[in-house]
file protein_3.txt (compact mmCIF, C-alpha atoms and all ligand atoms)
# COMPACT_ATOMS: atom_id res chain seq x y z
CA MET A 1 117.02 49.49 169.68
CA THR A 2 118.54 50.96 166.52
CA ASN A 3 121.46 49.15 164.94
CA PHE A 4 124.16 51.79 164.52
CA SER A 5 127.40 51.08 162.69
CA GLN A 6 130.08 49.47 164.83
CA ASP A 7 132.49 52.19 163.62
CA SER A 8 130.75 54.74 165.82
CA TYR A 9 130.58 52.50 168.90
CA ALA A 10 133.72 53.81 170.62
CA LEU A 11 132.56 57.43 170.50
CA ARG A 12 128.99 56.53 171.52
CA ARG A 13 130.44 54.59 174.45
CA ASP A 14 132.53 57.58 175.58
CA LEU A 15 129.52 59.84 175.16
CA ALA A 16 127.37 57.48 177.25
CA TYR A 17 130.00 57.53 180.00
CA GLY A 18 130.04 61.32 179.74
CA CYS A 19 126.26 61.55 180.22
CA ARG A 20 126.30 59.17 183.20
CA ILE A 21 129.27 60.97 184.79
CA LEU A 22 127.35 64.26 184.58
CA GLY A 23 124.25 62.56 185.97
CA ASN A 24 126.21 61.25 188.95
CA ASN A 25 127.93 64.55 189.67
CA GLY A 26 125.28 67.20 190.21
CA HIS A 27 123.98 67.68 186.67
CA ASN A 28 120.89 65.46 186.72
CA ASP A 29 117.59 67.29 186.21
CA THR A 30 115.09 64.50 185.50
CA VAL A 31 115.11 64.00 181.71
CA LEU A 32 116.58 67.45 180.96
CA GLY A 33 120.14 68.25 179.94
CA HIS A 34 122.00 66.98 176.91
CA VAL A 35 125.42 66.26 175.47
CA SER A 36 126.57 66.06 171.85
CA TYR A 37 129.64 64.83 169.99
CA ARG A 38 130.84 64.91 166.40
CA GLU A 39 134.01 63.94 164.59
CA PRO A 40 136.18 67.09 164.13
CA GLY A 41 134.63 69.28 161.41
CA ALA A 42 131.75 66.84 160.64
CA ASP A 43 128.35 68.34 159.71
CA THR A 44 126.39 65.76 161.69
CA TYR A 45 126.60 65.04 165.41
CA TRP A 46 125.47 62.47 167.97
CA MET A 47 123.19 63.73 170.73
CA LYS A 48 121.52 62.35 173.82
CA PRO A 49 117.81 61.79 173.11
CA ALA A 50 114.95 63.51 174.91
CA GLU A 51 112.66 61.79 177.46
CA MET A 52 115.60 60.02 179.12
CA GLY A 53 117.79 61.00 182.09
CA LEU A 54 121.53 61.59 181.70
CA ASP A 55 122.01 58.64 184.06
CA GLU A 56 119.93 56.32 181.85
CA VAL A 57 121.84 56.76 178.60
CA THR A 58 123.59 53.82 176.90
CA PRO A 59 125.71 53.74 173.70
CA GLU A 60 122.60 52.46 171.86
CA THR A 61 120.34 55.38 172.73
CA PHE A 62 121.94 58.31 170.88
CA ILE A 63 120.50 59.96 167.80
CA ARG A 64 122.48 61.66 165.02
CA LEU A 65 121.42 65.08 163.74
CA ASP A 66 122.53 67.39 160.97
CA LEU A 67 123.29 71.02 161.82
CA ASP A 68 119.69 72.01 161.01
CA GLY A 69 118.38 69.55 163.58
CA ASN A 70 117.12 66.85 161.20
CA VAL A 71 117.48 63.37 162.67
CA VAL A 72 119.57 61.32 160.24
CA GLU A 73 120.11 58.25 162.42
CA GLY A 74 118.30 56.78 165.41
CA LYS A 75 114.67 56.53 166.45
CA LEU A 76 114.39 58.26 169.83
CA PRO A 77 113.01 61.81 170.25
CA ARG A 78 115.18 64.91 169.84
CA HIS A 79 115.66 67.62 172.48
CA ILE A 80 114.09 70.93 171.49
CA GLU A 81 117.28 72.81 172.46
CA PHE A 82 119.43 71.23 169.73
CA PRO A 83 120.40 74.75 168.43
CA ILE A 84 122.72 75.13 171.46
CA HIS A 85 124.79 72.32 169.99
CA SER A 86 124.40 72.97 166.27
CA GLU A 87 125.33 76.66 166.44
CA ILE A 88 128.42 76.11 168.60
CA LEU A 89 129.53 73.22 166.35
CA ARG A 90 128.76 75.22 163.19
CA ALA A 91 130.85 78.19 164.35
CA HIS A 92 133.80 76.20 165.76
CA PRO A 93 135.08 73.35 163.54
CA GLU A 94 137.61 72.36 166.21
CA ILE A 95 134.96 71.76 168.88
CA THR A 96 133.68 68.19 169.06
CA CYS A 97 131.63 68.07 172.28
CA VAL A 98 128.97 70.37 173.77
CA VAL A 99 127.25 70.00 177.16
CA HIS A 100 124.07 71.72 178.34
CA THR A 101 122.70 71.00 181.81
CA HIS A 102 120.74 72.62 184.67
CA PRO A 103 122.97 72.16 187.77
CA ILE A 104 121.62 73.86 190.89
CA TYR A 105 124.73 75.62 192.25
CA SER A 106 125.61 77.10 188.86
CA ILE A 107 122.06 78.40 188.45
CA ALA A 108 122.07 79.86 191.96
CA PHE A 109 125.48 81.45 191.42
CA ALA A 110 124.44 82.95 188.06
CA ALA A 111 121.65 84.81 189.88
CA LEU A 112 124.25 86.72 191.95
CA ASP A 113 125.92 89.89 190.72
CA GLN A 114 129.35 88.41 191.41
CA PRO A 115 132.14 87.28 189.04
CA LEU A 116 133.39 83.71 189.37
CA ARG A 117 136.74 83.84 191.18
CA ALA A 118 139.64 81.44 191.61
CA LEU A 119 138.62 80.30 195.12
CA SER A 120 139.41 76.66 194.41
CA HIS A 121 141.24 74.45 191.91
CA GLU A 122 138.03 74.33 189.91
CA GLY A 123 137.49 78.08 190.02
CA GLY A 124 141.11 78.59 189.02
CA GLN A 125 140.57 76.48 185.91
CA LEU A 126 137.73 78.71 184.74
CA SER A 127 138.71 82.18 185.94
CA PRO A 128 140.29 84.61 185.14
CA PRO A 129 138.73 85.96 183.05
CA ASP A 130 135.19 85.67 184.43
CA VAL A 131 132.90 83.05 182.91
CA PRO A 132 130.54 84.66 180.34
CA ARG A 133 126.86 84.99 181.28
CA PHE A 134 124.02 84.67 178.80
CA THR A 135 121.25 87.04 179.92
CA LEU A 136 119.22 87.63 176.74
CA THR A 137 116.57 85.14 177.87
CA SER A 138 116.18 82.42 180.50
CA ASN A 139 113.84 80.54 178.17
CA LEU A 140 114.69 77.51 176.04
CA ILE A 141 117.20 77.97 173.22
CA ARG A 142 114.90 76.61 170.55
CA SER A 143 115.83 78.65 167.44
CA ARG A 144 118.90 79.05 165.29
CA GLU A 145 118.85 82.81 166.09
CA LEU A 146 119.02 82.21 169.85
CA GLY A 147 121.67 79.54 169.34
CA GLU A 148 123.76 82.06 167.41
CA LYS A 149 123.33 84.69 170.16
CA LEU A 150 124.43 82.16 172.76
CA GLU A 151 127.44 81.17 170.66
CA GLU A 152 128.40 84.86 170.32
CA CYS A 153 128.23 85.23 174.11
CA ILE A 154 130.47 82.19 174.65
CA GLY A 155 133.04 83.02 171.94
CA ASN A 156 136.18 80.99 172.50
CA ARG A 157 135.56 80.35 176.20
CA PRO A 158 135.04 76.77 177.45
CA ALA A 159 132.05 77.53 179.68
CA CYS A 160 129.06 79.85 180.02
CA LEU A 161 126.42 80.48 182.69
CA LEU A 162 122.87 80.88 181.34
CA GLN A 163 121.16 83.13 183.87
CA GLY A 164 117.95 81.58 185.18
CA HIS A 165 118.52 78.42 183.17
CA GLY A 166 121.80 76.42 183.38
CA ILE A 167 125.22 76.05 181.83
CA VAL A 168 126.93 75.29 178.54
CA THR A 169 130.44 73.89 178.18
CA SER A 170 132.35 72.71 175.14
CA GLY A 171 135.71 71.28 174.20
CA THR A 172 137.81 69.51 171.61
CA THR A 173 137.29 66.23 173.49
CA ILE A 174 134.36 64.61 175.33
CA GLN A 175 136.50 64.39 178.44
CA GLY A 176 137.38 68.10 178.35
CA ALA A 177 133.77 69.30 177.92
CA ILE A 178 132.40 66.95 180.62
CA LEU A 179 135.08 67.77 183.19
CA THR A 180 134.67 71.51 182.54
CA ALA A 181 130.95 71.16 183.36
CA ILE A 182 131.76 69.34 186.61
CA ASN A 183 134.43 71.90 187.52
CA LEU A 184 132.07 74.81 186.86
CA GLU A 185 129.40 73.36 189.16
CA ARG A 186 131.97 72.70 191.93
CA ALA A 187 133.48 76.18 191.55
CA CYS A 188 130.02 77.79 191.85
CA ASN A 189 129.18 75.58 194.85
CA ILE A 190 132.38 76.57 196.67
CA GLN A 191 132.00 80.29 195.93
CA LEU A 192 128.37 80.23 197.11
CA LEU A 193 129.46 78.61 200.38
CA ALA A 194 132.27 81.09 200.94
CA SER A 195 130.20 84.14 199.94
CA ALA A 196 127.45 83.15 202.35
CA CYS A 197 129.91 83.36 205.26
CA GLY A 198 131.54 86.71 204.58
CA PRO A 199 133.94 88.58 202.29
CA ILE A 200 135.90 86.24 200.03
CA THR A 201 139.53 86.04 198.95
CA TRP A 202 140.87 84.30 195.87
CA SER A 203 144.11 83.34 194.14
CA SER A 204 146.10 85.89 192.15
CA ASP A 205 145.62 85.83 188.39
CA GLU A 206 149.20 84.54 187.99
CA ASP A 207 148.60 81.70 190.43
CA ALA A 208 145.25 80.75 188.86
CA LEU A 209 146.58 80.83 185.30
CA ALA A 210 149.48 78.53 186.25
CA LYS A 211 146.95 76.07 187.72
CA GLN A 212 144.83 76.24 184.57
CA ILE A 213 147.74 74.88 182.55
CA GLU A 214 148.57 72.13 185.02
CA MET A 215 145.04 70.90 185.73
CA THR A 216 143.76 70.95 182.16
CA ALA A 217 146.72 68.92 180.85
CA ALA A 218 145.54 65.89 178.86
CA LYS A 219 147.08 63.33 181.25
CA ALA A 220 145.57 64.99 184.32
CA GLN A 221 142.14 65.02 182.65
CA LEU A 222 142.48 61.39 181.56
CA ASN A 223 143.25 60.26 185.11
CA VAL A 224 140.14 62.01 186.42
CA TRP A 225 138.00 60.71 183.54
CA ASN A 226 139.14 57.13 184.15
CA TYR A 227 138.27 57.47 187.83
CA TYR A 228 134.74 58.64 186.98
CA CYS A 229 134.33 55.78 184.47
CA ARG A 230 135.35 53.24 187.13
CA LYS A 231 132.69 54.68 189.46
CA ILE A 232 130.05 54.30 186.74
CA ASN A 233 131.15 50.71 186.07
CA ALA A 234 131.02 49.89 189.78
CA ALA A 235 127.48 51.34 190.07
CA MET A 236 126.28 49.37 187.03
CA ASN A 237 128.31 46.29 187.97
CA ALA A 238 129.14 46.22 184.26
CA SER A 239 130.84 48.35 181.63
CA PHE A 240 129.90 49.69 178.20
ZN ZN A 301 118.02 73.95 179.09
call {"tool": "encode", "arguments": {"input": "protein_3.txt", "output": "structure tokens", "more": "lines below"}}
Ligand SMILES: [Zn+2]
result
Amino acid sequence: MTNFSQDSYALRRDLAYGCRILGNNGHNDTVLGHVSYREPGADTYWMKPAEMGLDEVTPETFIRLDLDGNVVEGKLPRHIEFPIHSEILRAHPEITCVVHTHPIYSIAFAALDQPLRALSHEGGQLSPPDVPRFTLTSNLIRSRELGEKLEECIGNRPACLLQGHGIVTSGTTIQGAILTAINLERACNIQLLASACGPITWSSDEDALAKQIEMTAAKAQLNVWNYYCRKINAAMNASF
């Protein structure tokens, strides 16, 4: 495997945990789905390679790309949808981590003509306002132009549903972007269950917005992240 600099090990380790956490929590879709990370404002970023499942990633498997998609470090193949990452990172210097996956409840929910509501803690972290929906195409985001259109749709929101395709989340930390992806999938799952049984009710905007502040606090996110990392370590009977 490629010998990367030891300086980048800590971030590649966190990114590997992030991939495996997604893989273990409803985001696995064979070898599809990807996560990226860069130092704040950097013009290159680390990305999960293609031809490998989220749950197979290790700190040694990442590749590093520039914003035009050229591989500048690493030997493994690149995902064709790198413009999702490069255009969000290019437009938002403060964002460090981008997630794109194909989770089933989010895809099913995005097919409904129904806003995401604060039915649960997870829903309350993402709505109000409603999560943006990218409807221009359900095909792969393989060009800079489509990446820019997707970025325009997302704006400053932490999550987006790609109708007929999957989700995108981003954040200023790996933990924030990963947990947002997990929360979005759970929120969609819960709303699908409730909607299938009858008319739904949801928290007031005031109630949901208060929960957003509490549940996205750094300490609260760290506690959840550490729990997920312990589960990964237990499954591997090892740690990165
Ligand atoms: Zn995709």
call {"tool": "closest_atom_pairs", "arguments": {"input": "protein_3.txt", "of": "chain A", "to": "ligand ZN 301 (chain A)", "cutoff": "9 Å", "atoms": "all atoms listed in the file", "output": "JSON lines"}}
result
{"residue": "A:Leu32", "atom": "CA", "partner": "A:ZN301", "partner_atom": "ZN", "distance": 6.9}
{"residue": "A:Gly33", "atom": "CA", "partner": "A:ZN301", "partner_atom": "ZN", "distance": 6.1}
{"residue": "A:His34", "atom": "CA", "partner": "A:ZN301", "partner_atom": "ZN", "distance": 8.3}
{"residue": "A:Glu81", "atom": "CA", "partner": "A:ZN301", "partner_atom": "ZN", "distance": 6.8}
{"residue": "A:His100", "atom": "CA", "partner": "A:ZN301", "partner_atom": "ZN", "distance": 6.5}
{"residue": "A:Thr101", "atom": "CA", "partner": "A:ZN301", "partner_atom": "ZN", "distance": 6.2}
{"residue": "A:His102", "atom": "CA", "partner": "A:ZN301", "partner_atom": "ZN", "distance": 6.3}
{"residue": "A:Ser138", "atom": "CA", "partner": "A:ZN301", "partner_atom": "ZN", "distance": 8.8}
{"residue": "A:Asn139", "atom": "CA", "partner": "A:ZN301", "partner_atom": "ZN", "distance": 7.9}
{"residue": "A:Leu140", "atom": "CA", "partner": "A:ZN301", "partner_atom": "ZN", "distance": 5.8}
{"residue": "A:Ile141", "atom": "CA", "partner": "A:ZN301", "partner_atom": "ZN", "distance": 7.2}
{"residue": "A:Leu162", "atom": "CA", "partner": "A:ZN301", "partner_atom": "ZN", "distance": 8.8}
{"residue": "A:His165", "atom": "CA", "partner": "A:ZN301", "partner_atom": "ZN", "distance": 6.1}
{"residue": "A:Gly166", "atom": "CA", "partner": "A:ZN301", "partner_atom": "ZN", "distance": 6.2}
{"residue": "A:Ile167", "atom": "CA", "partner": "A:ZN301", "partner_atom": "ZN", "distance": 8.0}
call {"tool": "residues_around", "arguments": {"input": "protein_3.txt", "residues": "Gln175 of chain A", "least_positions_apart": "4", "cutoff": "8 Å", "atoms": "all atoms listed in the file", "output": "CSV table (one decimal) with C-alpha atoms, in the coordinates of the input"}}
result
chain,number,residue,atom,x,y,z
A,18,GLY,CA,130.0,61.3,179.7
A,179,LEU,CA,135.1,67.8,183.2
A,221,GLN,CA,142.1,65.0,182.6
A,222,LEU,CA,142.5,61.4,181.6
A,225,TRP,CA,138.0,60.7,183.5
call {"tool": "residues_near_point", "arguments": {"input": "protein_3.txt", "point": "(116.3, 77.8, 171.9)", "cutoff": "12 Å", "atoms": "only C-alpha atoms", "output": "list of chain:residue names"}}
result
A:Gly69, A:His79, A:Ile80, A:Glu81, A:Phe82, A:Pro83, A:Ile84, A:His85, A:Ser86, A:Glu87, A:His100, A:Leu136, A:Thr137, A:Ser138, A:Asn139, A:Leu140, A:Ile141, A:Arg142, A:Ser143, A:Arg144, A:Glu145, A:Leu146, A:Gly147, A:Glu148, A:Lys149, A:Leu150, A:Glu151, A:Leu162, A:His165
call {"tool": "closest_residue", "arguments": {"input": "protein_3.txt", "among": "A:Cys229, A:Val99, A:Leu76, A:Ala208", "to": "Thr173 of chain A", "atoms": "all atoms listed in the file"}}
result
A:Val99
call {"tool": "atom_distance", "arguments": {"input": "protein_3.txt", "atom1": "atom CA of Pro132 of chain A", "atom2": "atom CA of Met215 of chain A"}}
result
20.7 Å
call {"tool": "residues_near_point", "arguments": {"input": "protein_3.txt", "point": "(131.5, 50.2, 180.8)", "cutoff": "10 Å", "atoms": "only C-alpha atoms", "output": "NGL selection string"}}
result
:A and (13-14 or 16-17 or 58-59 or 229-234 or 236-240)
call {"tool": "write_last_selection", "arguments": {"input": "protein_3.txt", "atoms": "C-alpha atoms", "output": "PDB file, in the coordinates of the input"}}
result
ATOM      1  CA  ARG A  13     130.440  54.590 174.450  1.00  0.00           C
ATOM      2  CA  ASP A  14     132.530  57.580 175.580  1.00  0.00           C
ATOM      3  CA  ALA A  16     127.370  57.480 177.250  1.00  0.00           C
ATOM      4  CA  TYR A  17     130.000  57.530 180.000  1.00  0.00           C
ATOM      5  CA  THR A  58     123.590  53.820 176.900  1.00  0.00           C
ATOM      6  CA  PRO A  59     125.710  53.740 173.700  1.00  0.00           C
ATOM      7  CA  CYS A 229     134.330  55.780 184.470  1.00  0.00           C
ATOM      8  CA  ARG A 230     135.350  53.240 187.130  1.00  0.00           C
ATOM      9  CA  LYS A 231     132.690  54.680 189.460  1.00  0.00           C
ATOM     10  CA  ILE A 232     130.050  54.300 186.740  1.00  0.00           C
ATOM     11  CA  ASN A 233     131.150  50.710 186.070  1.00  0.00           C
ATOM     12  CA  ALA A 234     131.020  49.890 189.780  1.00  0.00           C
ATOM     13  CA  MET A 236     126.280  49.370 187.030  1.00  0.00           C
ATOM     14  CA  ASN A 237     128.310  46.290 187.970  1.00  0.00           C
ATOM     15  CA  ALA A 238     129.140  46.220 184.260  1.00  0.00           C
ATOM     16  CA  SER A 239     130.840  48.350 181.630  1.00  0.00           C
ATOM     17  CA  PHE A 240     129.900  49.690 178.200  1.00  0.00           C
TER      18      PHE A 240
END
call {"tool": "residues_around", "arguments": {"input": "protein_3.txt", "residues": "Thr44 of chain A", "least_positions_apart": "2", "cutoff": "12 Å", "atoms": "all atoms listed in the file", "output": "ChimeraX atom specification"}}
result
/A:36-42,46-47,63-73,82,85-87,89-90,93,96
call {"tool": "atom_distance", "arguments": {"input": "protein_3.txt", "atom1": "atom CA of Met52 of chain A", "atom2": "atom CA of Tyr105 of chain A"}}
result
22.3 Å
